[in-house]
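Colleague: This is structure30.txt, which holds compact mmCIF, N, CA and C atoms and all ligand atoms:
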# COMPACT_ATOMS: atom_id res chain seq x y z
N MET U 11 227.95 -27.84 146.61
CA MET U 11 228.90 -28.73 147.31
C MET U 11 228.24 -30.06 147.66
N HIS U 12 229.05 -31.02 148.03
CA HIS U 12 228.48 -32.34 148.28
C HIS U 12 228.06 -32.56 149.73
N GLU U 13 228.14 -31.51 150.56
CA GLU U 13 227.70 -31.64 151.95
C GLU U 13 226.23 -32.07 152.05
N TRP U 14 225.41 -31.52 151.13
CA TRP U 14 223.97 -31.81 151.20
C TRP U 14 223.66 -33.24 150.80
N SER U 15 224.32 -33.76 149.77
CA SER U 15 224.05 -35.14 149.38
C SER U 15 224.60 -36.10 150.44
N LEU U 16 225.72 -35.70 151.03
CA LEU U 16 226.28 -36.48 152.13
C LEU U 16 225.30 -36.52 153.31
N ALA U 17 224.79 -35.34 153.67
CA ALA U 17 223.83 -35.24 154.78
C ALA U 17 222.60 -36.09 154.48
N SER U 18 222.17 -36.05 153.22
CA SER U 18 221.00 -36.81 152.83
C SER U 18 221.22 -38.32 153.03
N SER U 19 222.40 -38.82 152.68
CA SER U 19 222.63 -40.26 152.86
C SER U 19 222.80 -40.61 154.35
N ILE U 20 223.33 -39.68 155.14
CA ILE U 20 223.41 -39.93 156.59
C ILE U 20 222.00 -40.00 157.19
N VAL U 21 221.13 -39.09 156.75
CA VAL U 21 219.75 -39.08 157.26
C VAL U 21 219.03 -40.37 156.88
N LEU U 22 219.20 -40.82 155.63
CA LEU U 22 218.54 -42.06 155.19
C LEU U 22 219.06 -43.27 155.94
N THR U 23 220.37 -43.32 156.14
CA THR U 23 220.97 -44.44 156.87
C THR U 23 220.47 -44.48 158.31
N THR U 24 220.43 -43.30 158.94
CA THR U 24 219.96 -43.22 160.32
C THR U 24 218.50 -43.69 160.43
N LYS U 25 217.71 -43.27 159.46
CA LYS U 25 216.29 -43.65 159.44
C LYS U 25 216.15 -45.17 159.31
N LYS U 26 216.96 -45.75 158.41
CA LYS U 26 216.92 -47.19 158.16
C LYS U 26 217.27 -47.97 159.43
N ILE U 27 218.34 -47.52 160.10
CA ILE U 27 218.77 -48.19 161.33
C ILE U 27 217.68 -48.07 162.40
N ALA U 28 217.10 -46.88 162.52
CA ALA U 28 216.07 -46.65 163.52
C ALA U 28 214.87 -47.56 163.29
N GLU U 29 214.53 -47.76 162.01
CA GLU U 29 213.39 -48.62 161.68
C GLU U 29 213.70 -50.09 161.95
N GLU U 30 214.91 -50.49 161.57
CA GLU U 30 215.31 -51.89 161.78
C GLU U 30 215.36 -52.25 163.26
N LYS U 31 215.90 -51.33 164.04
CA LYS U 31 216.07 -51.60 165.48
C LYS U 31 214.84 -51.18 166.29
N LYS U 32 213.90 -50.53 165.60
CA LYS U 32 212.69 -50.03 166.28
C LYS U 32 213.03 -49.17 167.50
N VAL U 33 213.86 -48.17 167.25
CA VAL U 33 214.26 -47.28 168.33
C VAL U 33 213.92 -45.84 167.95
N GLN U 34 213.88 -45.00 168.97
CA GLN U 34 213.70 -43.58 168.73
C GLN U 34 215.05 -42.88 168.86
N VAL U 35 215.44 -42.19 167.81
CA VAL U 35 216.77 -41.59 167.79
C VAL U 35 216.76 -40.23 168.50
N LYS U 36 217.73 -40.08 169.41
CA LYS U 36 217.87 -38.80 170.13
C LYS U 36 219.00 -37.96 169.55
N GLY U 37 219.96 -38.65 168.96
CA GLY U 37 221.09 -37.90 168.42
C GLY U 37 221.99 -38.79 167.59
N VAL U 38 222.80 -38.17 166.76
CA VAL U 38 223.78 -38.93 165.99
C VAL U 38 225.16 -38.29 166.15
N ASP U 39 226.18 -39.14 166.14
CA ASP U 39 227.56 -38.68 166.19
C ASP U 39 228.22 -39.00 164.86
N ILE U 40 228.68 -37.97 164.19
CA ILE U 40 229.28 -38.12 162.87
C ILE U 40 230.78 -37.86 162.99
N VAL U 41 231.58 -38.64 162.29
CA VAL U 41 233.01 -38.38 162.24
C VAL U 41 233.36 -37.93 160.82
N VAL U 42 234.11 -36.84 160.75
CA VAL U 42 234.53 -36.30 159.46
C VAL U 42 236.05 -36.28 159.43
N GLY U 43 236.62 -36.92 158.44
CA GLY U 43 238.07 -36.93 158.30
C GLY U 43 238.62 -35.55 157.98
N GLU U 44 239.77 -35.26 158.56
CA GLU U 44 240.42 -33.96 158.37
C GLU U 44 240.67 -33.65 156.89
N LEU U 45 240.86 -34.70 156.09
CA LEU U 45 241.19 -34.52 154.68
C LEU U 45 239.99 -34.65 153.75
N SER U 46 238.81 -34.75 154.33
CA SER U 46 237.66 -35.09 153.48
C SER U 46 237.06 -33.89 152.76
N GLN U 47 237.60 -32.68 152.99
CA GLN U 47 237.17 -31.49 152.25
C GLN U 47 235.70 -31.17 152.45
N ILE U 48 235.24 -31.39 153.67
CA ILE U 48 233.85 -31.10 154.01
C ILE U 48 233.80 -29.82 154.83
N ASP U 49 232.86 -28.94 154.52
CA ASP U 49 232.63 -27.76 155.33
C ASP U 49 231.70 -28.16 156.48
N LEU U 50 232.24 -28.15 157.71
CA LEU U 50 231.50 -28.69 158.86
C LEU U 50 230.23 -27.91 159.16
N GLU U 51 230.27 -26.59 158.97
CA GLU U 51 229.08 -25.78 159.26
C GLU U 51 227.96 -26.07 158.27
N ILE U 52 228.33 -26.23 157.00
CA ILE U 52 227.32 -26.56 155.98
C ILE U 52 226.74 -27.94 156.25
N LEU U 53 227.63 -28.88 156.61
CA LEU U 53 227.16 -30.24 156.90
C LEU U 53 226.20 -30.24 158.09
N ARG U 54 226.57 -29.49 159.13
CA ARG U 54 225.71 -29.43 160.31
C ARG U 54 224.33 -28.84 159.97
N ASP U 55 224.33 -27.74 159.22
CA ASP U 55 223.07 -27.12 158.81
C ASP U 55 222.24 -28.08 157.98
N ALA U 56 222.91 -28.76 157.03
CA ALA U 56 222.22 -29.69 156.14
C ALA U 56 221.59 -30.83 156.95
N LEU U 57 222.34 -31.36 157.91
CA LEU U 57 221.82 -32.47 158.72
C LEU U 57 220.61 -32.02 159.55
N ASN U 58 220.75 -30.89 160.22
CA ASN U 58 219.64 -30.39 161.04
C ASN U 58 218.40 -30.15 160.20
N THR U 59 218.60 -29.54 159.02
CA THR U 59 217.49 -29.24 158.13
C THR U 59 216.82 -30.51 157.62
N LEU U 60 217.65 -31.46 157.15
CA LEU U 60 217.08 -32.68 156.54
C LEU U 60 216.40 -33.58 157.58
N PHE U 61 217.01 -33.70 158.75
CA PHE U 61 216.36 -34.51 159.80
C PHE U 61 214.98 -33.93 160.12
N LYS U 62 214.94 -32.60 160.17
CA LYS U 62 213.68 -31.91 160.49
C LYS U 62 212.68 -32.04 159.35
N GLU U 63 213.13 -31.73 158.13
CA GLU U 63 212.19 -31.65 157.01
C GLU U 63 211.80 -33.02 156.45
N GLU U 64 212.77 -33.94 156.40
CA GLU U 64 212.48 -35.25 155.81
C GLU U 64 211.77 -36.16 156.80
N LEU U 65 212.20 -36.10 158.09
CA LEU U 65 211.70 -37.07 159.05
C LEU U 65 210.89 -36.45 160.18
N GLY U 66 210.95 -35.12 160.29
CA GLY U 66 210.28 -34.46 161.40
C GLY U 66 210.99 -34.66 162.73
N TRP U 67 212.29 -34.93 162.67
CA TRP U 67 213.07 -35.17 163.90
C TRP U 67 213.83 -33.91 164.30
N SER U 68 213.79 -33.58 165.58
CA SER U 68 214.71 -32.58 166.12
C SER U 68 215.69 -33.31 167.01
N ILE U 69 216.84 -33.63 166.47
CA ILE U 69 217.78 -34.43 167.25
C ILE U 69 219.11 -33.70 167.39
N ASP U 70 219.92 -34.22 168.29
CA ASP U 70 221.21 -33.60 168.60
C ASP U 70 222.27 -34.18 167.66
N VAL U 71 222.76 -33.33 166.76
CA VAL U 71 223.78 -33.78 165.81
C VAL U 71 225.15 -33.32 166.29
N ARG U 72 226.07 -34.27 166.49
CA ARG U 72 227.43 -33.90 166.88
C ARG U 72 228.40 -34.34 165.79
N ILE U 73 229.35 -33.47 165.52
CA ILE U 73 230.33 -33.78 164.48
C ILE U 73 231.72 -33.69 165.08
N GLU U 74 232.51 -34.73 164.93
CA GLU U 74 233.90 -34.63 165.36
C GLU U 74 234.84 -34.86 164.17
N VAL U 75 236.03 -34.29 164.29
CA VAL U 75 236.99 -34.37 163.20
C VAL U 75 238.07 -35.39 163.54
N GLU U 76 238.30 -36.30 162.61
CA GLU U 76 239.36 -37.28 162.80
C GLU U 76 240.64 -36.76 162.17
N LYS U 77 241.71 -36.74 162.95
CA LYS U 77 243.00 -36.27 162.45
C LYS U 77 243.54 -37.19 161.36
N ALA U 78 244.20 -36.59 160.40
CA ALA U 78 244.81 -37.38 159.34
C ALA U 78 246.05 -38.10 159.87
N LYS U 79 246.28 -39.30 159.35
CA LYS U 79 247.44 -40.08 159.73
C LYS U 79 248.05 -40.73 158.49
N LEU U 80 249.36 -40.76 158.47
CA LEU U 80 250.06 -41.40 157.36
C LEU U 80 250.83 -42.60 157.88
N LYS U 81 251.07 -43.55 156.99
CA LYS U 81 251.87 -44.71 157.37
C LYS U 81 252.96 -44.92 156.34
N CYS U 82 254.16 -45.21 156.84
CA CYS U 82 255.28 -45.50 155.96
C CYS U 82 255.25 -46.97 155.60
N ASN U 83 255.24 -47.25 154.29
CA ASN U 83 255.20 -48.64 153.84
C ASN U 83 256.55 -49.33 153.93
N THR U 84 257.59 -48.55 154.18
CA THR U 84 258.92 -49.14 154.29
C THR U 84 259.21 -49.60 155.71
N CYS U 85 259.02 -48.69 156.69
CA CYS U 85 259.35 -49.07 158.07
C CYS U 85 258.14 -49.22 158.97
N GLY U 86 256.95 -48.89 158.47
CA GLY U 86 255.75 -49.10 159.26
C GLY U 86 255.40 -47.98 160.22
N TYR U 87 256.21 -46.93 160.26
CA TYR U 87 255.98 -45.83 161.18
C TYR U 87 254.70 -45.07 160.81
N GLU U 88 253.89 -44.74 161.84
CA GLU U 88 252.66 -43.97 161.62
C GLU U 88 252.82 -42.57 162.19
N PHE U 89 252.38 -41.58 161.46
CA PHE U 89 252.58 -40.21 161.92
C PHE U 89 251.51 -39.28 161.37
N GLY U 90 251.36 -38.13 162.04
CA GLY U 90 250.40 -37.10 161.62
C GLY U 90 251.09 -36.04 160.80
N PHE U 91 250.29 -35.18 160.20
CA PHE U 91 250.87 -34.12 159.38
C PHE U 91 251.72 -33.14 160.20
N ASN U 92 251.43 -33.06 161.51
CA ASN U 92 252.23 -32.17 162.35
C ASN U 92 253.71 -32.53 162.34
N GLU U 93 254.00 -33.83 162.18
CA GLU U 93 255.40 -34.27 162.18
C GLU U 93 256.14 -33.93 160.89
N VAL U 94 255.39 -33.65 159.85
CA VAL U 94 256.04 -33.34 158.58
C VAL U 94 255.70 -31.92 158.12
N TRP U 95 255.20 -31.13 159.07
CA TRP U 95 254.80 -29.76 158.77
C TRP U 95 255.96 -28.95 158.19
N LYS U 96 257.19 -29.20 158.71
CA LYS U 96 258.36 -28.48 158.23
C LYS U 96 258.62 -28.80 156.74
N GLN U 97 258.47 -30.07 156.40
CA GLN U 97 258.65 -30.48 154.99
C GLN U 97 257.61 -29.80 154.10
N ILE U 98 256.37 -29.72 154.59
CA ILE U 98 255.30 -29.10 153.81
C ILE U 98 255.59 -27.62 153.60
N LYS U 99 256.02 -26.97 154.69
CA LYS U 99 256.34 -25.54 154.64
C LYS U 99 257.44 -25.25 153.63
N GLU U 100 258.45 -26.10 153.62
CA GLU U 100 259.57 -25.88 152.72
C GLU U 100 259.14 -25.93 151.26
N VAL U 101 258.14 -26.78 150.98
CA VAL U 101 257.68 -26.90 149.60
C VAL U 101 256.74 -25.76 149.21
N PHE U 102 255.80 -25.44 150.11
CA PHE U 102 254.73 -24.53 149.70
C PHE U 102 254.85 -23.12 150.21
N CYS U 103 255.62 -22.91 151.26
CA CYS U 103 255.54 -21.60 151.93
C CYS U 103 256.88 -20.88 151.98
N GLN U 104 257.83 -21.26 151.16
CA GLN U 104 259.13 -20.60 151.27
C GLN U 104 259.13 -19.18 150.72
N ASP U 105 258.16 -18.83 149.88
CA ASP U 105 258.15 -17.49 149.29
C ASP U 105 257.30 -16.49 150.06
N LEU U 106 256.78 -16.92 151.22
CA LEU U 106 255.90 -16.02 151.97
C LEU U 106 256.67 -14.87 152.60
N GLU U 107 255.98 -13.72 152.70
CA GLU U 107 256.52 -12.58 153.44
C GLU U 107 256.43 -12.89 154.93
N PRO U 108 257.32 -12.28 155.73
CA PRO U 108 257.21 -12.51 157.18
C PRO U 108 255.83 -12.11 157.69
N GLY U 109 255.27 -12.93 158.53
CA GLY U 109 253.95 -12.64 159.09
C GLY U 109 252.81 -13.19 158.26
N GLU U 110 253.09 -13.61 157.04
CA GLU U 110 252.04 -14.21 156.22
C GLU U 110 251.76 -15.63 156.68
N GLU U 111 250.51 -15.98 156.65
CA GLU U 111 250.12 -17.30 157.10
C GLU U 111 250.47 -18.36 156.05
N CYS U 112 251.09 -19.44 156.51
CA CYS U 112 251.35 -20.55 155.59
C CYS U 112 250.15 -21.47 155.60
N GLU U 113 249.44 -21.49 154.50
CA GLU U 113 248.25 -22.35 154.46
C GLU U 113 248.63 -23.73 153.95
N ASN U 114 248.16 -24.73 154.67
CA ASN U 114 248.53 -26.10 154.35
C ASN U 114 247.71 -26.65 153.19
N PRO U 115 248.31 -26.83 152.04
CA PRO U 115 247.55 -27.27 150.86
C PRO U 115 247.18 -28.75 150.92
N ILE U 116 247.82 -29.49 151.81
CA ILE U 116 247.54 -30.92 151.94
C ILE U 116 246.08 -31.16 152.29
N HIS U 117 245.52 -30.21 153.03
CA HIS U 117 244.12 -30.38 153.41
C HIS U 117 243.20 -30.33 152.21
N TYR U 118 243.65 -29.68 151.17
CA TYR U 118 242.79 -29.56 149.99
C TYR U 118 243.12 -30.62 148.93
N VAL U 119 244.36 -30.98 148.86
CA VAL U 119 244.78 -31.96 147.85
C VAL U 119 245.63 -33.06 148.50
N PRO U 120 244.99 -33.95 149.26
CA PRO U 120 245.76 -34.97 149.99
C PRO U 120 246.58 -35.87 149.08
N GLU U 121 246.15 -36.01 147.81
CA GLU U 121 246.90 -36.86 146.88
C GLU U 121 248.33 -36.34 146.69
N LEU U 122 248.50 -35.06 146.94
CA LEU U 122 249.83 -34.47 146.79
C LEU U 122 250.81 -34.99 147.83
N ALA U 123 250.27 -35.40 148.95
CA ALA U 123 251.10 -35.70 150.11
C ALA U 123 252.30 -36.57 149.78
N SER U 124 252.03 -37.71 149.17
CA SER U 124 253.11 -38.67 148.97
C SER U 124 254.10 -38.23 147.90
N SER U 125 253.77 -37.17 147.16
CA SER U 125 254.72 -36.76 146.12
C SER U 125 255.89 -35.96 146.67
N PHE U 126 255.77 -35.45 147.89
CA PHE U 126 256.95 -34.75 148.43
C PHE U 126 257.22 -34.99 149.90
N ILE U 127 256.29 -35.58 150.64
CA ILE U 127 256.55 -35.86 152.05
C ILE U 127 257.35 -37.15 152.16
N LYS U 128 258.30 -37.14 153.08
CA LYS U 128 259.07 -38.35 153.33
C LYS U 128 258.89 -38.79 154.78
N CYS U 129 259.02 -40.08 155.01
CA CYS U 129 258.88 -40.62 156.36
C CYS U 129 259.88 -39.94 157.30
N PRO U 130 259.39 -39.41 158.45
CA PRO U 130 260.31 -38.74 159.38
C PRO U 130 261.30 -39.70 160.05
N LYS U 131 261.02 -40.99 160.02
CA LYS U 131 261.91 -41.97 160.64
C LYS U 131 263.00 -42.47 159.67
N CYS U 132 262.58 -42.92 158.48
CA CYS U 132 263.54 -43.57 157.58
C CYS U 132 263.75 -42.83 156.26
N GLY U 133 262.95 -41.79 156.00
CA GLY U 133 263.15 -41.00 154.78
C GLY U 133 262.51 -41.59 153.54
N SER U 134 261.79 -42.67 153.68
CA SER U 134 261.15 -43.29 152.51
C SER U 134 259.98 -42.44 152.01
N PRO U 135 259.81 -42.32 150.69
CA PRO U 135 258.65 -41.59 150.15
C PRO U 135 257.44 -42.50 149.94
N ASP U 136 257.56 -43.76 150.31
CA ASP U 136 256.48 -44.72 150.07
C ASP U 136 255.48 -44.67 151.23
N LEU U 137 254.53 -43.71 151.14
CA LEU U 137 253.60 -43.46 152.24
C LEU U 137 252.18 -43.66 151.80
N GLU U 138 251.34 -44.00 152.75
CA GLU U 138 249.91 -44.01 152.43
C GLU U 138 249.13 -43.32 153.53
N ILE U 139 247.99 -42.76 153.14
CA ILE U 139 247.11 -42.10 154.12
C ILE U 139 246.22 -43.16 154.73
N ILE U 140 246.30 -43.34 156.05
CA ILE U 140 245.52 -44.41 156.68
C ILE U 140 244.32 -43.90 157.47
N SER U 141 244.27 -42.62 157.77
CA SER U 141 243.04 -42.10 158.36
C SER U 141 242.90 -40.63 158.05
N GLY U 142 241.70 -40.13 158.31
CA GLY U 142 241.45 -38.72 158.05
C GLY U 142 240.71 -38.47 156.75
N ARG U 143 240.26 -39.57 156.12
CA ARG U 143 239.48 -39.42 154.90
C ARG U 143 238.11 -40.02 155.15
N GLY U 144 237.14 -39.48 154.45
CA GLY U 144 235.80 -40.07 154.54
C GLY U 144 234.97 -39.52 155.69
N VAL U 145 233.73 -39.90 155.66
CA VAL U 145 232.75 -39.44 156.64
C VAL U 145 231.91 -40.62 157.02
N TRP U 146 231.64 -40.82 158.30
CA TRP U 146 230.78 -41.93 158.67
C TRP U 146 230.01 -41.65 159.96
N ILE U 147 229.00 -42.48 160.19
CA ILE U 147 228.22 -42.37 161.42
C ILE U 147 228.94 -43.19 162.48
N LYS U 148 229.36 -42.52 163.55
CA LYS U 148 230.08 -43.22 164.62
C LYS U 148 229.09 -43.92 165.55
N SER U 149 228.06 -43.20 165.93
CA SER U 149 227.05 -43.84 166.77
C SER U 149 225.73 -43.09 166.67
N ILE U 150 224.69 -43.83 167.04
CA ILE U 150 223.35 -43.26 167.06
C ILE U 150 222.87 -43.38 168.48
N ARG U 151 222.49 -42.25 169.06
CA ARG U 151 221.99 -42.26 170.44
C ARG U 151 220.49 -42.44 170.42
N VAL U 152 220.00 -43.35 171.22
CA VAL U 152 218.57 -43.63 171.21
C VAL U 152 217.95 -43.37 172.59
N GLY U 153 216.65 -43.17 172.56
CA GLY U 153 215.97 -42.85 173.81
C GLY U 153 215.05 -44.00 174.24
ZN ZN S 1 259.71 -45.09 157.28
What is this file in structure tokens?
Ligand SMILES: [Zn+2]
Modeller:
Amino acid sequence: MHEWSLASSIVLTTKKIAEEKKVQVKGVDIVVGELSQIDLEILRDALNTLFKEELGWSIDVRIEVEKAKLKCNTCGYEFGFNEVWKQIKEVFCQDLEPGEECENPIHYVPELASSFIKCPKCGSPDLEIISGRGVWIKSIRVG
């Protein structure tokens, strides 16, 4: 999986910033988009391991998840997947037995979203994903 290469670039970036600013890093805060298909436990393990093995740092790694958000290009309305959950269910989960869990496939294939979700305000299918993708360093805590 790409968690390890991602962790590796986060570690290198953190090191570069620490050197440029001449600071000692105590911790890093990472944001992971809900749609970025990252396994948070693997990422956390990879970061802890690489900081330790590559740099000899034992630092506090925190990871937070950014909720996905969509925007309607027709009326400008912004909304989360929770507002269109019923639409998603109707497409993917109508054949489920009672009590079976409806698993949201949007989390795995976000590109699918705009092919069947419509704006809850105006019904337009012209939507774009404006947050919840990608991974970045939110802040670096220094001592
Ligand atoms: Zn709209």
Colleague: Please return as a ChimeraX atom specification: the residues of region 29-146 of chain U that backbone DSSP assigns to helix (DSSP H, G or I).
Modeller: /U:29-31,50-65,91-102,115-117,120-126
Colleague: Write out, as JSON lines, each residue of chain U that has an atom at most 8 Å from ligand ZN 1 (chain S), together with the closest pair of atoms and their distance in Å to one decimal, counting only N, CA and C atoms and all ligand atoms, rows going by chain and rising number.
Modeller:
{"residue": "U:Lys81", "atom": "C", "partner": "S:ZN1", "partner_atom": "ZN", "distance": 6.8}
{"residue": "U:Cys82", "atom": "CA", "partner": "S:ZN1", "partner_atom": "ZN", "distance": 4.6}
{"residue": "U:Asn83", "atom": "N", "partner": "S:ZN1", "partner_atom": "ZN", "distance": 5.8}
{"residue": "U:Thr84", "atom": "C", "partner": "S:ZN1", "partner_atom": "ZN", "distance": 4.8}
{"residue": "U:Cys85", "atom": "N", "partner": "S:ZN1", "partner_atom": "ZN", "distance": 3.7}
{"residue": "U:Gly86", "atom": "N", "partner": "S:ZN1", "partner_atom": "ZN", "distance": 4.8}
{"residue": "U:Tyr87", "atom": "N", "partner": "S:ZN1", "partner_atom": "ZN", "distance": 5.0}
{"residue": "U:Glu88", "atom": "N", "partner": "S:ZN1", "partner_atom": "ZN", "distance": 7.4}
{"residue": "U:Lys128", "atom": "C", "partner": "S:ZN1", "partner_atom": "ZN", "distance": 6.8}
{"residue": "U:Cys129", "atom": "CA", "partner": "S:ZN1", "partner_atom": "ZN", "distance": 4.6}
{"residue": "U:Pro130", "atom": "N", "partner": "S:ZN1", "partner_atom": "ZN", "distance": 5.8}
{"residue": "U:Lys131", "atom": "C", "partner": "S:ZN1", "partner_atom": "ZN", "distance": 4.8}
{"residue": "U:Cys132", "atom": "N", "partner": "S:ZN1", "partner_atom": "ZN", "distance": 3.8}
{"residue": "U:Gly133", "atom": "N", "partner": "S:ZN1", "partner_atom": "ZN", "distance": 4.8}
{"residue": "U:Ser134", "atom": "N", "partner": "S:ZN1", "partner_atom": "ZN", "distance": 4.8}
{"residue": "U:Pro135", "atom": "N", "partner": "S:ZN1", "partner_atom": "ZN", "distance": 7.1}
{"residue": "U:Asp136", "atom": "C", "partner": "S:ZN1", "partner_atom": "ZN", "distance": 7.4}
Colleague: List the spatial neighbours of region 100-104 of chain U as a PyMOL selection string - criterion: any atom at most 8 Å away, only N, CA and C atoms, same-chain residues fewer than 3 positions off excluded.
Modeller: chain U and resi 94-97+107+111-115+126
Colleague: Can you write out as CSV which residues of region 61-90 of chain U fall within 7 Å of region 35-53 of chain U, alongside each residue's closest atom pair and its distance in Å to one decimal, counting all atoms listed in the file and ordering rows by chain and ascending residue number?
Modeller:
residue,atom,partner,partner_atom,distance
U:Ser68,C,U:Lys36,C,6.2
U:Ile69,CA,U:Lys36,C,4.4
U:Asp70,N,U:Gly37,CA,3.9
U:Val71,CA,U:Val38,N,4.6
U:Arg72,C,U:Ile40,N,4.0
U:Ile73,CA,U:Ile40,C,4.4
U:Glu74,C,U:Val42,N,4.0
U:Val75,CA,U:Val42,C,4.3
U:Glu76,N,U:Val42,C,3.9
U:Lys77,N,U:Glu44,N,5.0
U:Ala78,N,U:Glu44,N,5.0
Colleague: Figure out the distance between atom N of Ser141 (chain U) and atom N of Asn58 (chain U), please, to one decimal in Å.
Modeller: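 About the pair atom N of Asn58 (chain U) and atom N of Ser141 (chain U): they are 26.4 Å apart.
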Colleague: From a DSSP calculation on the backbone, collect every residue of region 71-118 of chain U in strand (DSSP E or B) and output the set as a list in words.
Modeller: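 Put together, the selection reads Val71, Arg72, Ile73, Glu74, Val75, Glu76, Lys79, Leu80, Lys81, Cys82, Glu88, Phe89 and Gly90 of chain U.
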Colleague: Okay, now the selection with N, CA and C atoms, as a PDB file, in the frame of the given file?
Modeller:
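To be explicit, this is the file written out as result_29.pdb:
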ATOM      1  N   VAL U  71     222.760 -33.330 166.760  1.00  0.00           N
ATOM      2  CA  VAL U  71     223.780 -33.780 165.810  1.00  0.00           C
ATOM      3  C   VAL U  71     225.150 -33.320 166.290  1.00  0.00           C
ATOM      4  N   ARG U  72     226.070 -34.270 166.490  1.00  0.00           N
ATOM      5  CA  ARG U  72     227.430 -33.900 166.880  1.00  0.00           C
ATOM      6  C   ARG U  72     228.400 -34.340 165.790  1.00  0.00           C
ATOM      7  N   ILE U  73     229.350 -33.470 165.520  1.00  0.00           N
ATOM      8  CA  ILE U  73     230.330 -33.780 164.480  1.00  0.00           C
ATOM      9  C   ILE U  73     231.720 -33.690 165.080  1.00  0.00           C
ATOM     10  N   GLU U  74     232.510 -34.730 164.930  1.00  0.00           N
ATOM     11  CA  GLU U  74     233.900 -34.630 165.360  1.00  0.00           C
ATOM     12  C   GLU U  74     234.840 -34.860 164.170  1.00  0.00           C
ATOM     13  N   VAL U  75     236.030 -34.290 164.290  1.00  0.00           N
ATOM     14  CA  VAL U  75     236.990 -34.370 163.200  1.00  0.00           C
ATOM     15  C   VAL U  75     238.070 -35.390 163.540  1.00  0.00           C
ATOM     16  N   GLU U  76     238.300 -36.300 162.610  1.00  0.00           N
ATOM     17  CA  GLU U  76     239.360 -37.280 162.800  1.00  0.00           C
ATOM     18  C   GLU U  76     240.640 -36.760 162.170  1.00  0.00           C
ATOM     19  N   LYS U  79     246.280 -39.300 159.350  1.00  0.00           N
ATOM     20  CA  LYS U  79     247.440 -40.080 159.730  1.00  0.00           C
ATOM     21  C   LYS U  79     248.050 -40.730 158.490  1.00  0.00           C
ATOM     22  N   LEU U  80     249.360 -40.760 158.470  1.00  0.00           N
ATOM     23  CA  LEU U  80     250.060 -41.400 157.360  1.00  0.00           C
ATOM     24  C   LEU U  80     250.830 -42.600 157.880  1.00  0.00           C
ATOM     25  N   LYS U  81     251.070 -43.550 156.990  1.00  0.00           N
ATOM     26  CA  LYS U  81     251.870 -44.710 157.370  1.00  0.00           C
ATOM     27  C   LYS U  81     252.960 -44.920 156.340  1.00  0.00           C
ATOM     28  N   CYS U  82     254.160 -45.210 156.840  1.00  0.00           N
ATOM     29  CA  CYS U  82     255.280 -45.500 155.960  1.00  0.00           C
ATOM     30  C   CYS U  82     255.250 -46.970 155.600  1.00  0.00           C
ATOM     31  N   GLU U  88     253.890 -44.740 161.840  1.00  0.00           N
ATOM     32  CA  GLU U  88     252.660 -43.970 161.620  1.00  0.00           C
ATOM     33  C   GLU U  88     252.820 -42.570 162.190  1.00  0.00           C
ATOM     34  N   PHE U  89     252.380 -41.580 161.460  1.00  0.00           N
ATOM     35  CA  PHE U  89     252.580 -40.210 161.920  1.00  0.00           C
ATOM     36  C   PHE U  89     251.510 -39.280 161.370  1.00  0.00           C
ATOM     37  N   GLY U  90     251.360 -38.130 162.040  1.00  0.00           N
ATOM     38  CA  GLY U  90     250.400 -37.100 161.620  1.00  0.00           C
ATOM     39  C   GLY U  90     251.090 -36.040 160.800  1.00  0.00           C
TER      40      GLY U  90
END
Colleague: Give me, please, the distance in Å between atom N of Ala28 (chain U) and atom N of Val152 (chain U), quoted to one decimal.
Modeller: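 It comes out at 9.8 Å.
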Colleague: Would you work out the distance separating atom C of Ile20 (chain U) from atom N of Glu64 (chain U), expressed in Å to one decimal?
Modeller: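 Result for atom C of Ile20 (chain U) versus atom N of Glu64 (chain U): 11.1 Å, one decimal.
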Colleague: Measuring between only C-alpha atoms, which one of U:Lys25, U:Lys99, U:Arg54, U:Lys79 shows the shortest distance to Ile150 (chain U)?
Modeller: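 Among the listed residues, the smallest separation from Ile150 (chain U) belongs to U:Lys25.
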Colleague: Have a look at U:Asn92, U:Ser149, U:Gln34, U:Thr24 and name the one nearest to Ile127 (chain U); count only C-alpha atoms.
Modeller: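 Ranking U:Asn92, U:Ser149, U:Gln34, U:Thr24 by distance to Ile127 (chain U), first place goes to U:Asn92.
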Colleague: Given the point (220.8, -36.8, 156.4) in the file's coordinates, find the residues that have an atom at most 8 Å from it, counting all atoms listed in the file, and give them as JSON, numbers by chain.
Modeller: {"U": [14, 15, 16, 17, 18, 19, 20, 21, 22, 23, 24, 25, 56, 57, 58, 59, 60, 61]}
